[in-house]
Amino acid sequence: MLTSKEVLERTGISRATLHNYIATGLVQRPDVMPPHEQDGAAPRIGYFPDSTVERIEEIQRLKRSGWSIARIAQHFAEAPASGAVPESGVAPAGAGAPVPVTRSAAGMPAAPGASPSIRHVVTLASTLQDAPRLWTRLPAIEYFELVGEVWAELDPIFRRHGGTAGRHPDEGLVSYFFPQPAASYLWNALAAADEARTAMRALSRRWQMRKAWDFELHMNIGIDEGRDWVGSAGNAELRVLGDAADRALQLSRLCRDGAILATRGFVGKLTAAEGDRLTFGVPRDGAPPLLFTFARLQDIAAAEMVPPRLAELAVAHVLELGPRDEAPPAPQAQQPTQ
């Protein structure tokens, strides 16, 4: 029997990916039981069968061949004892065509393992607030269930708006949006974030009713755009490395209560028509937000948690998307920080 930590170490996947495999039925849910002596002092730990590593390696091999998660699930359901896939990546009869998992600079599918290149990309990072607190508050099996449910709710939203899934180092999701011929990748990212915020509010209410608690579940979101390095890891998982991707992830870790934080650089790249549909601003204690202006990250986040390199980053909360009946008010001047 293996703990989740051992499964992650042996397979190299992220915890979010493991939760996704559990939620979609690709990997068996762990058996929750008292810990073995070498596994620490937690009252209960989830243990996976030893065969889990082999199953995950097979899933990763099928993904490298271009299979989608849905097709892999169908394959295991129809032929659980089989795992053979032709080297060409063509699915067995009845399984459907393979679906690529990475995209080219224009947003079109690209072969896994393609050479990395610098591309325009929006990174949308969403991080589960207070994940360690949830881990201690919930039985392990319910914690896995909750995180899997969050993934199952949000991942389709990001994909529907044109996002491509990436790896999140913590409990959360990352999605990348590339320029498209007939759509605004900038606005797609905003629309995905806004819909995800609404979906999380509904999910939080369901868990409040289920657990009879007043605990609020939040996915905090950071968004930025830039010319970053885009490539694929050894398991063909899309990776984006660069300043914009790093800023988006840090913003998602620093904001609270389901906020969506965007940089001034990102907002400034929207078209005039898109800008007219976006309401953004800076929250103020006990007063309406200061609309259509930005603040330094260190002024709106817990200053002791902000990395020094990002302290002066100009950011704003995304408050609302949609048409406005009246002309937007003139931006209010922000008071200089003493």
# chains A, B, ... in the order shown; residues from 1 in each chain; ligands from 1
call {"tool": "residues_around", "arguments": {"residues": "Ala191 of chain A", "least_positions_apart": "6", "cutoff": "12 Å", "atoms": "only C-alpha atoms", "output": "list in words"}}
result
Leu124, Ile157, Phe158, Arg159, Arg160, His161, Gly162, Gly163, Phe177, Ser184, Tyr185, Arg197, Thr198, Ile223, Ile260, Glu274, Arg277, Leu278, Val318, Leu319, Glu320, Leu321 and Gly322 of chain A
call {"tool": "write_last_selection", "arguments": {"atoms": "C-alpha atoms", "output": "mmCIF file, in the first residue's frame"}}
result
data_model
loop_
_atom_site.group_PDB
_atom_site.id
_atom_site.type_symbol
_atom_site.label_atom_id
_atom_site.label_comp_id
_atom_site.auth_asym_id
_atom_site.auth_seq_id
_atom_site.Cartn_x
_atom_site.Cartn_y
_atom_site.Cartn_z
ATOM 1 C CA LEU A 124 -4.848 31.952 -15.234
ATOM 2 C CA ILE A 157 -15.083 25.921 -17.592
ATOM 3 C CA PHE A 158 -11.500 26.819 -18.450
ATOM 4 C CA ARG A 159 -11.468 24.435 -21.415
ATOM 5 C CA ARG A 160 -14.799 25.732 -22.721
ATOM 6 C CA HIS A 161 -13.291 29.207 -22.910
ATOM 7 C CA GLY A 162 -10.268 27.941 -24.823
ATOM 8 C CA GLY A 163 -7.871 27.255 -21.957
ATOM 9 C CA PHE A 177 -4.912 30.930 -23.094
ATOM 10 C CA SER A 184 -9.906 37.282 -27.807
ATOM 11 C CA TYR A 185 -7.712 35.131 -25.604
ATOM 12 C CA ARG A 197 -15.943 32.314 -9.342
ATOM 13 C CA THR A 198 -19.698 31.790 -9.731
ATOM 14 C CA ILE A 223 -4.254 36.590 -14.253
ATOM 15 C CA ILE A 260 -9.685 37.733 -9.138
ATOM 16 C CA GLU A 274 -13.432 44.879 -23.920
ATOM 17 C CA ARG A 277 -17.261 45.695 -20.411
ATOM 18 C CA LEU A 278 -14.856 45.309 -17.492
ATOM 19 C CA VAL A 318 -11.795 42.132 -11.388
ATOM 20 C CA LEU A 319 -15.228 43.080 -10.050
ATOM 21 C CA GLU A 320 -17.699 42.480 -12.859
ATOM 22 C CA LEU A 321 -17.930 41.594 -16.550
ATOM 23 C CA GLY A 322 -20.663 42.635 -18.916
#
call {"tool": "residues_around", "arguments": {"residues": "segment 292-296 of chain A", "least_positions_apart": "6", "cutoff": "6 Å", "atoms": "only C-alpha atoms", "output": "PyMOL selection string"}}
result
chain A and resi 280-281+312-316+331
call {"tool": "select_by_dssp", "arguments": {"residues": "segment 182-286 of chain A", "states": "alpha helix (DSSP H)", "output": "count of residues only"}}
result
49
call {"tool": "atom_distance", "arguments": {"atom1": "atom CA of Trp135 of chain A", "atom2": "atom CA of Trp213 of chain A"}}
result
15.2 Å
call {"tool": "residues_around", "arguments": {"residues": "segment 247-257 of chain A", "least_positions_apart": "5", "cutoff": "6 Å", "atoms": "only C-alpha atoms", "output": "PyMOL selection string"}}
result
chain A and resi 125-127+218+220-224
call {"tool": "write_last_selection", "arguments": {"atoms": "N, CA and C atoms", "output": "mmCIF file, in the first residue's frame"}}
result
data_model
loop_
_atom_site.group_PDB
_atom_site.id
_atom_site.type_symbol
_atom_site.label_atom_id
_atom_site.label_comp_id
_atom_site.auth_asym_id
_atom_site.auth_seq_id
_atom_site.Cartn_x
_atom_site.Cartn_y
_atom_site.Cartn_z
ATOM 1 N N ALA A 125 -4.152 31.365 -13.001
ATOM 2 C CA ALA A 125 -3.834 30.459 -11.891
ATOM 3 C C ALA A 125 -4.910 30.577 -10.828
ATOM 4 N N SER A 126 -5.444 29.455 -10.393
ATOM 5 C CA SER A 126 -6.465 29.459 -9.334
ATOM 6 C C SER A 126 -5.994 28.545 -8.214
ATOM 7 N N THR A 127 -5.991 29.081 -6.993
ATOM 8 C CA THR A 127 -5.458 28.369 -5.831
ATOM 9 C C THR A 127 -6.535 28.232 -4.765
ATOM 10 N N HIS A 218 -13.167 28.924 -1.326
ATOM 11 C CA HIS A 218 -12.783 29.933 -2.312
ATOM 12 C C HIS A 218 -11.645 29.415 -3.176
ATOM 13 N N ASN A 220 -8.988 31.389 -5.328
ATOM 14 C CA ASN A 220 -8.494 32.724 -5.622
ATOM 15 C C ASN A 220 -7.701 32.703 -6.918
ATOM 16 N N ILE A 221 -7.916 33.699 -7.763
ATOM 17 C CA ILE A 221 -7.427 33.652 -9.140
ATOM 18 C C ILE A 221 -6.497 34.826 -9.426
ATOM 19 N N GLY A 222 -5.399 34.534 -10.091
ATOM 20 C CA GLY A 222 -4.474 35.543 -10.593
ATOM 21 C C GLY A 222 -4.357 35.430 -12.101
ATOM 22 N N ILE A 223 -4.306 36.570 -12.786
ATOM 23 C CA ILE A 223 -4.254 36.590 -14.253
ATOM 24 C C ILE A 223 -3.173 37.567 -14.701
ATOM 25 N N ASP A 224 -2.355 37.125 -15.655
ATOM 26 C CA ASP A 224 -1.398 38.020 -16.297
ATOM 27 C C ASP A 224 -1.096 37.495 -17.696
#
call {"tool": "residues_around", "arguments": {"residues": "segment 166-175 of chain A", "least_positions_apart": "4", "cutoff": "8 Å", "atoms": "only C-alpha atoms", "output": "PyMOL selection string"}}
result
chain A and resi 14-17+123-128+131+147+151+155+158+219+237-240
call {"tool": "residues_around", "arguments": {"residues": "segment 20-26 of chain A", "least_positions_apart": "3", "cutoff": "12 Å", "atoms": "only C-alpha atoms", "output": "VMD selection string"}}
result
chain A and resid 4 13 to 17 29 to 30 48 52 to 60 68 to 77 80 141 to 156 165 167 171 to 173
call {"tool": "write_last_selection", "arguments": {"atoms": "N, CA and C atoms", "output": "tab-separated table (two decimals), in the first residue's frame"}}
result
chain	number	residue	atom	x	y	z
A	4	SER	N	-0.27	8.87	-0.63
A	4	SER	CA	-0.31	9.77	-1.78
A	4	SER	C	1.08	10.36	-2.04
A	13	ILE	N	3.88	13.02	-10.94
A	13	ILE	CA	2.73	13.87	-11.23
A	13	ILE	C	2.48	14.81	-10.06
A	14	SER	N	1.64	15.83	-10.30
A	14	SER	CA	1.29	16.77	-9.23
A	14	SER	C	0.12	16.22	-8.42
A	15	ARG	N	-0.08	16.79	-7.24
A	15	ARG	CA	-1.20	16.37	-6.41
A	15	ARG	C	-2.53	16.69	-7.09
A	16	ALA	N	-2.60	17.82	-7.79
A	16	ALA	CA	-3.83	18.17	-8.49
A	16	ALA	C	-4.14	17.15	-9.58
A	17	THR	N	-3.10	16.67	-10.28
A	17	THR	CA	-3.32	15.65	-11.31
A	17	THR	C	-3.82	14.36	-10.69
A	29	ARG	N	-9.97	5.29	-5.51
A	29	ARG	CA	-9.89	6.13	-4.32
A	29	ARG	C	-9.09	5.41	-3.23
A	30	PRO	N	-8.35	6.16	-2.43
A	30	PRO	CA	-7.54	5.52	-1.39
A	30	PRO	C	-8.41	4.94	-0.28
A	48	PHE	N	-3.15	3.88	-1.23
A	48	PHE	CA	-3.47	3.40	-2.57
A	48	PHE	C	-2.87	2.01	-2.78
A	52	THR	N	-1.31	1.25	-8.30
A	52	THR	CA	-1.63	2.62	-8.70
A	52	THR	C	-0.52	3.23	-9.54
A	53	VAL	N	0.72	2.96	-9.18
A	53	VAL	CA	1.85	3.52	-9.93
A	53	VAL	C	1.82	3.03	-11.37
A	54	GLU	N	1.60	1.73	-11.55
A	54	GLU	CA	1.53	1.18	-12.90
A	54	GLU	C	0.37	1.79	-13.69
A	55	ARG	N	-0.78	1.97	-13.02
A	55	ARG	CA	-1.93	2.56	-13.69
A	55	ARG	C	-1.62	3.99	-14.14
A	56	ILE	N	-0.99	4.79	-13.27
A	56	ILE	CA	-0.68	6.17	-13.63
A	56	ILE	C	0.33	6.22	-14.77
A	57	GLU	N	1.32	5.35	-14.74
A	57	GLU	CA	2.29	5.31	-15.83
A	57	GLU	C	1.61	4.99	-17.15
A	58	GLU	N	0.60	4.12	-17.12
A	58	GLU	CA	-0.15	3.79	-18.33
A	58	GLU	C	-0.98	4.99	-18.80
A	59	ILE	N	-1.58	5.70	-17.85
A	59	ILE	CA	-2.35	6.90	-18.20
A	59	ILE	C	-1.44	7.93	-18.87
A	60	GLN	N	-0.26	8.13	-18.30
A	60	GLN	CA	0.68	9.11	-18.85
A	60	GLN	C	1.15	8.69	-20.24
A	68	SER	N	-7.18	11.95	-24.89
A	68	SER	CA	-7.79	12.79	-23.86
A	68	SER	C	-8.11	11.95	-22.63
A	69	ILE	N	-8.34	12.63	-21.51
A	69	ILE	CA	-8.71	11.93	-20.28
A	69	ILE	C	-10.00	11.14	-20.49
A	70	ALA	N	-10.96	11.73	-21.21
A	70	ALA	CA	-12.23	11.03	-21.44
A	70	ALA	C	-12.02	9.74	-22.21
A	71	ARG	N	-11.16	9.76	-23.23
A	71	ARG	CA	-10.90	8.56	-24.04
A	71	ARG	C	-10.15	7.51	-23.23
A	72	ILE	N	-9.25	7.98	-22.37
A	72	ILE	CA	-8.52	7.03	-21.53
A	72	ILE	C	-9.49	6.33	-20.57
A	73	ALA	N	-10.40	7.10	-19.99
A	73	ALA	CA	-11.40	6.51	-19.09
A	73	ALA	C	-12.26	5.50	-19.83
A	74	GLN	N	-12.66	5.84	-21.05
A	74	GLN	CA	-13.47	4.91	-21.85
A	74	GLN	C	-12.68	3.65	-22.17
A	75	HIS	N	-11.42	3.81	-22.48
A	75	HIS	CA	-10.57	2.67	-22.80
A	75	HIS	C	-10.46	1.70	-21.63
A	76	PHE	N	-10.22	2.23	-20.41
A	76	PHE	CA	-10.11	1.37	-19.25
A	76	PHE	C	-11.45	0.72	-18.91
A	77	ALA	N	-12.54	1.44	-19.15
A	77	ALA	CA	-13.86	0.88	-18.85
A	77	ALA	C	-14.20	-0.26	-19.80
A	80	PRO	N	-10.34	-3.17	-19.40
A	80	PRO	CA	-9.47	-2.89	-18.26
A	80	PRO	C	-8.20	-3.71	-18.23
A	141	ILE	N	-10.72	11.05	2.97
A	141	ILE	CA	-11.50	10.67	1.80
A	141	ILE	C	-12.39	11.82	1.34
A	142	GLU	N	-12.91	12.61	2.28
A	142	GLU	CA	-13.74	13.76	1.90
A	142	GLU	C	-12.88	14.89	1.34
A	143	TYR	N	-11.67	15.02	1.85
A	143	TYR	CA	-10.78	16.04	1.29
A	143	TYR	C	-10.47	15.73	-0.17
A	144	PHE	N	-10.14	14.48	-0.46
A	144	PHE	CA	-9.90	14.08	-1.84
A	144	PHE	C	-11.15	14.32	-2.69
A	145	GLU	N	-12.30	13.99	-2.13
A	145	GLU	CA	-13.55	14.18	-2.85
A	145	GLU	C	-13.79	15.66	-3.16
A	146	LEU	N	-13.55	16.52	-2.18
A	146	LEU	CA	-13.76	17.95	-2.37
A	146	LEU	C	-12.84	18.50	-3.46
A	147	VAL	N	-11.55	18.20	-3.36
A	147	VAL	CA	-10.61	18.71	-4.35
A	147	VAL	C	-10.94	18.17	-5.74
A	148	GLY	N	-11.33	16.90	-5.82
A	148	GLY	CA	-11.74	16.34	-7.09
A	148	GLY	C	-12.97	17.02	-7.65
A	149	GLU	N	-13.91	17.39	-6.77
A	149	GLU	CA	-15.11	18.08	-7.22
A	149	GLU	C	-14.78	19.48	-7.72
A	150	VAL	N	-13.85	20.16	-7.05
A	150	VAL	CA	-13.42	21.48	-7.52
A	150	VAL	C	-12.83	21.36	-8.92
A	151	TRP	N	-11.96	20.38	-9.11
A	151	TRP	CA	-11.35	20.17	-10.42
A	151	TRP	C	-12.43	19.88	-11.46
A	152	ALA	N	-13.36	18.99	-11.13
A	152	ALA	CA	-14.41	18.61	-12.08
A	152	ALA	C	-15.30	19.78	-12.45
A	153	GLU	N	-15.46	20.75	-11.54
A	153	GLU	CA	-16.28	21.93	-11.82
A	153	GLU	C	-15.53	22.94	-12.68
A	154	LEU	N	-14.28	23.21	-12.34
A	154	LEU	CA	-13.58	24.33	-12.96
A	154	LEU	C	-12.86	23.98	-14.25
A	155	ASP	N	-12.28	22.79	-14.32
A	155	ASP	CA	-11.52	22.43	-15.52
A	155	ASP	C	-12.37	22.54	-16.79
A	156	PRO	N	-13.62	22.02	-16.81
A	156	PRO	CA	-14.43	22.19	-18.02
A	156	PRO	C	-14.72	23.65	-18.36
A	165	ALA	N	-4.94	23.14	-19.96
A	165	ALA	CA	-4.54	22.85	-18.58
A	165	ALA	C	-3.04	22.73	-18.44
A	167	ARG	N	0.19	22.60	-15.02
A	167	ARG	CA	0.44	22.01	-13.70
A	167	ARG	C	0.47	23.11	-12.64
A	171	GLU	N	-2.63	23.18	-4.31
A	171	GLU	CA	-3.99	22.70	-4.54
A	171	GLU	C	-4.71	23.73	-5.41
A	172	GLY	N	-4.76	23.48	-6.69
A	172	GLY	CA	-5.42	24.42	-7.59
A	172	GLY	C	-5.27	23.99	-9.03
A	173	LEU	N	-5.63	24.89	-9.93
A	173	LEU	CA	-5.56	24.63	-11.35
A	173	LEU	C	-4.88	25.80	-12.04
call {"tool": "residues_around", "arguments": {"residues": "Phe215 of chain A", "least_positions_apart": "6", "cutoff": "12 Å", "atoms": "only C-alpha atoms", "output": "number ranges by chain"}}
result
A: 129-130, 133-134, 137-138, 201, 203-209, 257
call {"tool": "write_last_selection", "arguments": {"atoms": "N, CA, C and O atoms", "output": "PDB file, in the first residue's frame"}}
result
ATOM      1  N   GLN A 129      -8.091  28.302  -1.377  1.00  0.00           N
ATOM      2  CA  GLN A 129      -7.783  29.031  -0.144  1.00  0.00           C
ATOM      3  C   GLN A 129      -7.864  28.108   1.070  1.00  0.00           C
ATOM      4  O   GLN A 129      -8.765  27.281   1.189  1.00  0.00           O
ATOM      5  N   ASP A 130      -6.909  28.257   1.960  1.00  0.00           N
ATOM      6  CA  ASP A 130      -6.875  27.521   3.229  1.00  0.00           C
ATOM      7  C   ASP A 130      -6.891  26.009   3.045  1.00  0.00           C
ATOM      8  O   ASP A 130      -7.524  25.274   3.815  1.00  0.00           O
ATOM      9  N   ARG A 133      -5.920  23.995   6.133  1.00  0.00           N
ATOM     10  CA  ARG A 133      -6.985  23.987   7.137  1.00  0.00           C
ATOM     11  C   ARG A 133      -8.076  22.996   6.752  1.00  0.00           C
ATOM     12  O   ARG A 133      -8.623  22.284   7.610  1.00  0.00           O
ATOM     13  N   LEU A 134      -8.396  22.930   5.477  1.00  0.00           N
ATOM     14  CA  LEU A 134      -9.389  21.965   5.017  1.00  0.00           C
ATOM     15  C   LEU A 134      -8.905  20.537   5.252  1.00  0.00           C
ATOM     16  O   LEU A 134      -9.691  19.649   5.601  1.00  0.00           O
ATOM     17  N   ARG A 137      -9.530  19.657   8.687  1.00  0.00           N
ATOM     18  CA  ARG A 137     -10.940  19.714   9.077  1.00  0.00           C
ATOM     19  C   ARG A 137     -11.748  18.550   8.519  1.00  0.00           C
ATOM     20  O   ARG A 137     -12.750  18.141   9.123  1.00  0.00           O
ATOM     21  N   LEU A 138     -11.320  17.998   7.400  1.00  0.00           N
ATOM     22  CA  LEU A 138     -12.080  16.946   6.735  1.00  0.00           C
ATOM     23  C   LEU A 138     -11.373  15.601   6.860  1.00  0.00           C
ATOM     24  O   LEU A 138     -10.139  15.542   6.880  1.00  0.00           O
ATOM     25  N   ARG A 201     -18.933  29.551  -5.790  1.00  0.00           N
ATOM     26  CA  ARG A 201     -19.931  29.971  -4.809  1.00  0.00           C
ATOM     27  C   ARG A 201     -21.009  28.898  -4.663  1.00  0.00           C
ATOM     28  O   ARG A 201     -21.441  28.586  -3.545  1.00  0.00           O
ATOM     29  N   LEU A 203     -20.648  25.666  -5.389  1.00  0.00           N
ATOM     30  CA  LEU A 203     -20.025  24.496  -4.769  1.00  0.00           C
ATOM     31  C   LEU A 203     -19.879  24.697  -3.270  1.00  0.00           C
ATOM     32  O   LEU A 203     -20.114  23.771  -2.483  1.00  0.00           O
ATOM     33  N   SER A 204     -19.520  25.901  -2.855  1.00  0.00           N
ATOM     34  CA  SER A 204     -19.377  26.191  -1.426  1.00  0.00           C
ATOM     35  C   SER A 204     -20.705  26.014  -0.700  1.00  0.00           C
ATOM     36  O   SER A 204     -20.754  25.449   0.405  1.00  0.00           O
ATOM     37  N   ARG A 205     -21.792  26.470  -1.319  1.00  0.00           N
ATOM     38  CA  ARG A 205     -23.109  26.319  -0.681  1.00  0.00           C
ATOM     39  C   ARG A 205     -23.477  24.848  -0.533  1.00  0.00           C
ATOM     40  O   ARG A 205     -24.052  24.447   0.488  1.00  0.00           O
ATOM     41  N   ARG A 206     -23.148  24.043  -1.532  1.00  0.00           N
ATOM     42  CA  ARG A 206     -23.459  22.609  -1.445  1.00  0.00           C
ATOM     43  C   ARG A 206     -22.714  21.972  -0.274  1.00  0.00           C
ATOM     44  O   ARG A 206     -23.286  21.168   0.470  1.00  0.00           O
ATOM     45  N   TRP A 207     -21.450  22.328  -0.096  1.00  0.00           N
ATOM     46  CA  TRP A 207     -20.687  21.747   1.004  1.00  0.00           C
ATOM     47  C   TRP A 207     -21.106  22.302   2.348  1.00  0.00           C
ATOM     48  O   TRP A 207     -21.011  21.612   3.368  1.00  0.00           O
ATOM     49  N   GLN A 208     -21.579  23.531   2.385  1.00  0.00           N
ATOM     50  CA  GLN A 208     -22.108  24.070   3.639  1.00  0.00           C
ATOM     51  C   GLN A 208     -23.344  23.297   4.079  1.00  0.00           C
ATOM     52  O   GLN A 208     -23.517  22.994   5.270  1.00  0.00           O
ATOM     53  N   MET A 209     -24.209  22.968   3.136  1.00  0.00           N
ATOM     54  CA  MET A 209     -25.399  22.179   3.470  1.00  0.00           C
ATOM     55  C   MET A 209     -25.010  20.765   3.864  1.00  0.00           C
ATOM     56  O   MET A 209     -25.569  20.201   4.810  1.00  0.00           O
ATOM     57  N   ASP A 257     -10.648  35.247  -0.459  1.00  0.00           N
ATOM     58  CA  ASP A 257     -12.111  35.258  -0.516  1.00  0.00           C
ATOM     59  C   ASP A 257     -12.671  35.262  -1.935  1.00  0.00           C
ATOM     60  O   ASP A 257     -13.640  35.958  -2.254  1.00  0.00           O
TER      61      ASP A 257
END
call {"tool": "closest_residue", "arguments": {"among": "A:Asp31, A:Asp276, A:Asp285, A:Asp50", "to": "Met1 of chain A", "atoms": "only C-alpha atoms"}}
result
A:Asp50
